[in-house]
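Q: Below you'll find upload.txt; it's compact mmCIF, C-alpha atoms.
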```
# COMPACT_ATOMS: atom_id res chain seq x y z
CA MET X 1 77.95 33.73 75.01
CA SER X 2 76.95 30.97 77.39
CA PRO X 3 75.18 31.84 80.64
CA SER X 4 78.25 30.88 82.65
CA SER X 5 80.69 32.98 80.64
CA GLY X 6 81.44 36.60 81.29
CA ILE X 7 81.75 38.52 84.51
CA GLN X 8 78.70 37.61 86.54
CA GLN X 9 78.38 40.75 88.66
CA PHE X 10 78.77 43.22 85.77
CA ARG X 11 76.27 46.09 85.95
CA GLY X 12 75.25 47.84 82.76
CA ASP X 13 73.67 50.68 84.73
CA LEU X 14 77.05 51.52 86.26
CA LEU X 15 78.67 51.43 82.81
CA ARG X 16 76.01 53.81 81.46
CA ALA X 17 76.48 56.21 84.40
CA LYS X 18 80.28 56.25 83.99
CA ARG X 19 79.93 56.82 80.24
CA GLU X 20 77.41 59.63 80.72
CA ASP X 21 79.65 61.22 83.39
CA ARG X 22 82.31 61.50 80.67
CA GLY X 23 79.79 62.98 78.24
CA TRP X 24 80.42 60.20 75.74
CA SER X 25 78.00 58.49 73.38
CA ARG X 26 77.99 54.70 73.19
CA ASP X 27 79.76 54.94 69.84
CA GLN X 28 82.52 57.06 71.40
CA LEU X 29 82.92 54.59 74.24
CA ALA X 30 83.12 51.74 71.74
CA VAL X 31 85.88 53.49 69.78
CA VAL X 32 87.96 54.25 72.87
CA ALA X 33 87.44 50.71 74.26
CA GLY X 34 88.20 49.05 70.92
CA ILE X 35 84.88 47.19 70.76
CA THR X 36 81.88 47.39 68.46
CA PRO X 37 79.02 49.77 69.19
CA ALA X 38 76.73 46.72 69.38
CA THR X 39 78.91 45.21 72.10
CA ALA X 40 78.80 48.48 74.06
CA ARG X 41 75.00 48.61 73.69
CA LYS X 42 74.55 45.00 74.81
CA ALA X 43 76.78 45.61 77.83
CA GLU X 44 74.80 48.66 78.90
CA GLU X 45 71.46 46.98 78.35
CA GLY X 46 72.43 43.86 80.27
CA ALA X 47 72.03 41.53 77.29
CA GLY X 48 74.16 38.65 78.62
CA ARG X 49 77.35 39.01 80.57
CA PRO X 50 80.22 40.77 78.83
CA SER X 51 83.42 38.78 78.50
CA PRO X 52 86.33 39.57 80.78
CA ARG X 53 88.15 41.10 77.80
CA VAL X 54 85.25 43.46 77.07
CA VAL X 55 84.80 44.47 80.71
CA ARG X 56 88.51 45.21 81.05
CA ALA X 57 88.45 47.24 77.81
CA LEU X 58 85.44 49.24 79.01
CA ALA X 59 87.01 49.84 82.42
CA ALA X 60 90.31 50.95 80.84
CA ALA X 61 88.50 53.28 78.43
CA LEU X 62 86.67 54.92 81.32
CA SER X 63 89.76 54.91 83.60
CA VAL X 64 87.96 52.88 86.27
CA SER X 65 88.56 49.47 87.82
CA VAL X 66 86.70 46.32 86.84
CA ASP X 67 85.28 46.32 90.38
CA GLU X 68 83.64 49.70 89.67
CA LEU X 69 81.69 48.15 86.78
CA ALA X 70 81.17 44.78 88.48
CA PRO X 71 81.08 45.32 92.25
CA VAL X 72 82.09 42.28 94.23
CA GLU X 73 79.08 40.87 96.05
CA GLY X 74 80.20 38.03 98.24
CA PRO X 75 83.17 35.74 97.79
CA LEU X 76 84.50 35.01 94.32
CA SER X 77 85.27 31.61 92.83
CA LEU X 78 88.63 31.02 91.14
CA ARG X 79 87.02 31.31 87.72
CA GLU X 80 85.53 34.68 88.63
CA LEU X 81 88.80 35.84 90.15
CA ARG X 82 90.67 34.85 86.98
CA ALA X 83 88.09 36.53 84.74
CA ARG X 84 88.35 39.80 86.68
CA SER X 85 92.12 39.67 86.23
CA GLY X 86 91.70 39.32 82.47
CA LEU X 87 93.52 35.99 82.41
CA THR X 88 92.65 32.87 80.48
CA GLN X 89 93.12 29.33 81.77
CA LYS X 90 95.98 29.07 79.29
CA ASP X 91 97.65 32.14 80.88
CA VAL X 92 97.39 30.62 84.35
CA ALA X 93 98.57 27.20 83.15
CA LYS X 94 101.68 28.73 81.59
CA LYS X 95 102.52 30.72 84.74
CA VAL X 96 102.03 27.73 87.05
CA GLY X 97 103.56 25.15 84.71
CA VAL X 98 100.53 22.86 84.41
CA SER X 99 98.01 21.95 81.73
CA THR X 100 94.86 23.95 81.07
CA GLY X 101 92.97 20.80 82.08
CA MET X 102 94.55 21.01 85.53
CA VAL X 103 93.61 24.69 85.82
CA SER X 104 90.05 23.72 84.95
CA LYS X 105 89.99 21.00 87.61
CA VAL X 106 91.38 23.34 90.25
CA GLU X 107 88.92 26.09 89.30
CA ARG X 108 86.02 23.67 89.55
CA GLY X 109 87.16 22.61 93.01
CA ARG X 110 87.88 19.08 91.83
CA HIS X 111 91.59 19.19 92.60
CA GLY X 112 93.77 20.78 95.27
CA VAL X 113 97.26 22.19 94.75
CA LYS X 114 100.61 21.68 96.46
CA GLU X 115 101.85 25.25 96.00
CA PRO X 116 99.00 27.71 96.57
CA GLY X 117 101.46 30.61 96.70
CA LYS X 118 102.57 29.88 93.14
CA TRP X 119 98.93 29.77 92.01
CA ALA X 120 98.17 33.04 93.80
CA VAL X 121 101.01 34.75 91.93
CA ALA X 122 99.63 33.41 88.64
CA TYR X 123 96.21 34.90 89.45
CA GLY X 124 97.80 38.16 90.59
CA VAL X 125 96.34 38.05 94.10
CA SER X 126 97.46 37.32 97.64
CA ARG X 127 97.73 33.75 98.84
CA ASP X 128 94.82 34.35 101.25
CA ARG X 129 92.56 35.75 98.51
CA TRP X 130 93.43 32.82 96.24
CA ALA X 131 92.75 30.32 99.03
CA ASP X 132 89.39 31.94 99.77
CA ALA X 133 88.44 31.72 96.09
CA TRP X 134 89.54 28.08 95.94
CA GLY X 135 87.34 27.39 98.99
CA VAL X 136 84.37 28.96 97.17
CA SER X 137 85.12 26.84 94.10
CA ARG X 138 85.36 23.70 96.25
CA GLU X 139 82.02 24.46 97.94
CA LEU X 140 80.35 25.04 94.56
CA GLN X 141 81.61 21.60 93.48
CA ARG X 142 80.24 20.02 96.66
CA GLU X 143 76.85 21.67 96.08
CA HIS X 144 76.86 20.40 92.51
CA ILE X 145 77.57 16.85 93.67
CA ARG X 146 74.89 17.00 96.37
CA ALA X 147 72.32 18.33 93.91
CA ARG X 148 73.05 15.50 91.46
CA SER X 149 72.85 12.83 94.17
CA ARG X 150 69.49 13.85 95.63
CA PRO X 151 66.66 11.41 94.97
CA ASP X 152 63.91 12.69 92.69
CA ASP X 153 60.83 14.11 94.37
CA GLY X 154 58.13 11.47 94.54
CA ALA X 155 60.50 8.58 93.98
CA ALA X 156 59.92 5.40 95.95
CA GLN X 157 61.99 5.31 99.11
```
Show me this structure written as structure tokens.

A:
Amino acid sequence: MSPSSGIQQFRGDLLRAKREDRGWSRDQLAVVAGITPATARKAEEGAGRPSPRVVRALAAALSVSVDELAPVEGPLSLRELRARSGLTQKDVAKKVGVSTGMVSKVERGRHGVKEPGKWAVAYGVSRDRWADAWGVSRELQREHIRARSRPDDGAAQ
């Protein structure tokens, strides 16, 4: 799993507490969630970020929301919003009627959209929440561009 994949704000300690509240072992949680015991262990121990599919499976098994296992801390980007909804870029592309490449560009803040309401429906959120997430994505892209365009420290000026 790459560092950028998975649900960034996932908390293994919250997963462990919810599991222990149920009186389940990790193996029992894994069976109910439909994942391997190793995946359940890694999630609890914070070894990487679990994929959106795994987090949703764990949340469903414990009858809690994704937000209970990965509390929202600050505004979410479109990618994070999509991941929490359990959607892939392909899912969004199909719902909006665009290519996955376009979804990627929009999520990276490199492209705007003409029908934000249609995109919000595809992400399963309100138009305002989608627009806020797009704004976060756009700002992340701006920061990335600024960081790449800064002169190196010590370079001749």

Q: Can you write out as JSON lines which residues of region 5-120 of chain X fall within 10 Å of region 139-152 of chain X, alongside each residue's closest atom pair and its distance in Å to one decimal, counting all atoms listed in the file and ordering rows by chain and ascending residue number?

A:
```
{"residue": "X:Ser77", "atom": "CA", "partner": "X:Leu140", "partner_atom": "CA", "distance": 8.4}
{"residue": "X:Glu107", "atom": "CA", "partner": "X:Gln141", "partner_atom": "CA", "distance": 9.5}
{"residue": "X:Arg108", "atom": "CA", "partner": "X:Gln141", "partner_atom": "CA", "distance": 6.3}
{"residue": "X:Gly109", "atom": "CA", "partner": "X:Gln141", "partner_atom": "CA", "distance": 5.7}
{"residue": "X:Arg110", "atom": "CA", "partner": "X:Gln141", "partner_atom": "CA", "distance": 7.0}
```

Q: Put those residues in a file: C-alpha atoms, as a JSON list (two decimals), in the frame of the given file.

A:
```
[["chain", "number", "residue", "atom", "x", "y", "z"],
["X", 77, "SER", "CA", 85.27, 31.61, 92.83],
["X", 107, "GLU", "CA", 88.92, 26.09, 89.30],
["X", 108, "ARG", "CA", 86.02, 23.67, 89.55],
["X", 109, "GLY", "CA", 87.16, 22.61, 93.01],
["X", 110, "ARG", "CA", 87.88, 19.08, 91.83]]
```

Q: Residues proximal to (75.8, 43.2, 79.3) were defined as those with any atom within 12 Å of that point in the file's coordinates, counting only C-alpha atoms. Which are they, as number ranges by chain?

A: X: 1, 3, 5-16, 38-52, 54-55, 58, 69-70

Q: Find the residue from X:Val96, X:Leu81, X:Val103, X:Leu76 that sits nearest to Glu115 (chain X); use only C-alpha atoms when measuring.

A: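 So, comparing all the options, the nearest one is X:Val96.
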
Q: One decimal, in Å: what's the spacing between CA of Val64 (chain X) and CA of Gln28 (chain X)?

A: 16.4 Å

Q: How many Å separate CA of Lys114 (chain X) from CA of Ala131 (chain X)?

A: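 Going from CA of Lys114 (chain X) over to CA of Ala131 (chain X) covers 12.0 Å.
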
Q: Return as AutoDock Vina command-line options the box centre and box size in Å, one decimal, for an axis-aligned box around all listed atoms of region 79-92 of chain X padded by 3 Å per side.

A:
```
--center_x 91.6 --center_y 34.4 --center_z 84.7 --size_x 18.1 --size_y 16.7 --size_z 16.9
```

Q: Any idea what's packed within 10 Å of Leu78 (chain X), counting all atoms listed in the file, ignoring anything in its chain fewer than 3 positions away? Could you give it as a PyMOL selection string?

A: chain X and resi 75+81-84+103-104+106-109+123+129-138

Q: Give me a file of those residues, with C-alpha atoms, as a PDB file, keeping the file's coordinate frame.

A:
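Wrote out09.pdb, looks like this:
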```pdb
ATOM      1  CA  PRO X  75      83.170  35.740  97.790  1.00  0.00           C
ATOM      2  CA  LEU X  81      88.800  35.840  90.150  1.00  0.00           C
ATOM      3  CA  ARG X  82      90.670  34.850  86.980  1.00  0.00           C
ATOM      4  CA  ALA X  83      88.090  36.530  84.740  1.00  0.00           C
ATOM      5  CA  ARG X  84      88.350  39.800  86.680  1.00  0.00           C
ATOM      6  CA  VAL X 103      93.610  24.690  85.820  1.00  0.00           C
ATOM      7  CA  SER X 104      90.050  23.720  84.950  1.00  0.00           C
ATOM      8  CA  VAL X 106      91.380  23.340  90.250  1.00  0.00           C
ATOM      9  CA  GLU X 107      88.920  26.090  89.300  1.00  0.00           C
ATOM     10  CA  ARG X 108      86.020  23.670  89.550  1.00  0.00           C
ATOM     11  CA  GLY X 109      87.160  22.610  93.010  1.00  0.00           C
ATOM     12  CA  TYR X 123      96.210  34.900  89.450  1.00  0.00           C
ATOM     13  CA  ARG X 129      92.560  35.750  98.510  1.00  0.00           C
ATOM     14  CA  TRP X 130      93.430  32.820  96.240  1.00  0.00           C
ATOM     15  CA  ALA X 131      92.750  30.320  99.030  1.00  0.00           C
ATOM     16  CA  ASP X 132      89.390  31.940  99.770  1.00  0.00           C
ATOM     17  CA  ALA X 133      88.440  31.720  96.090  1.00  0.00           C
ATOM     18  CA  TRP X 134      89.540  28.080  95.940  1.00  0.00           C
ATOM     19  CA  GLY X 135      87.340  27.390  98.990  1.00  0.00           C
ATOM     20  CA  VAL X 136      84.370  28.960  97.170  1.00  0.00           C
ATOM     21  CA  SER X 137      85.120  26.840  94.100  1.00  0.00           C
ATOM     22  CA  ARG X 138      85.360  23.700  96.250  1.00  0.00           C
TER      23      ARG X 138
END
```

Q: Measure the distance from CA of Val121 (chain X) to CA of Glu73 (chain X) in Å and round it to one decimal.

A: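 So the answer is 23.1 Å.
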
Q: Point out the residue among X:Leu29, X:Leu87, X:Ala93, X:Val98 with the least atom-to-atom distance to Ala59 (chain X), counting only C-alpha atoms.

A: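 Between X:Leu29, X:Leu87, X:Ala93, X:Val98, the residue approaching Ala59 (chain X) most closely is X:Leu29.
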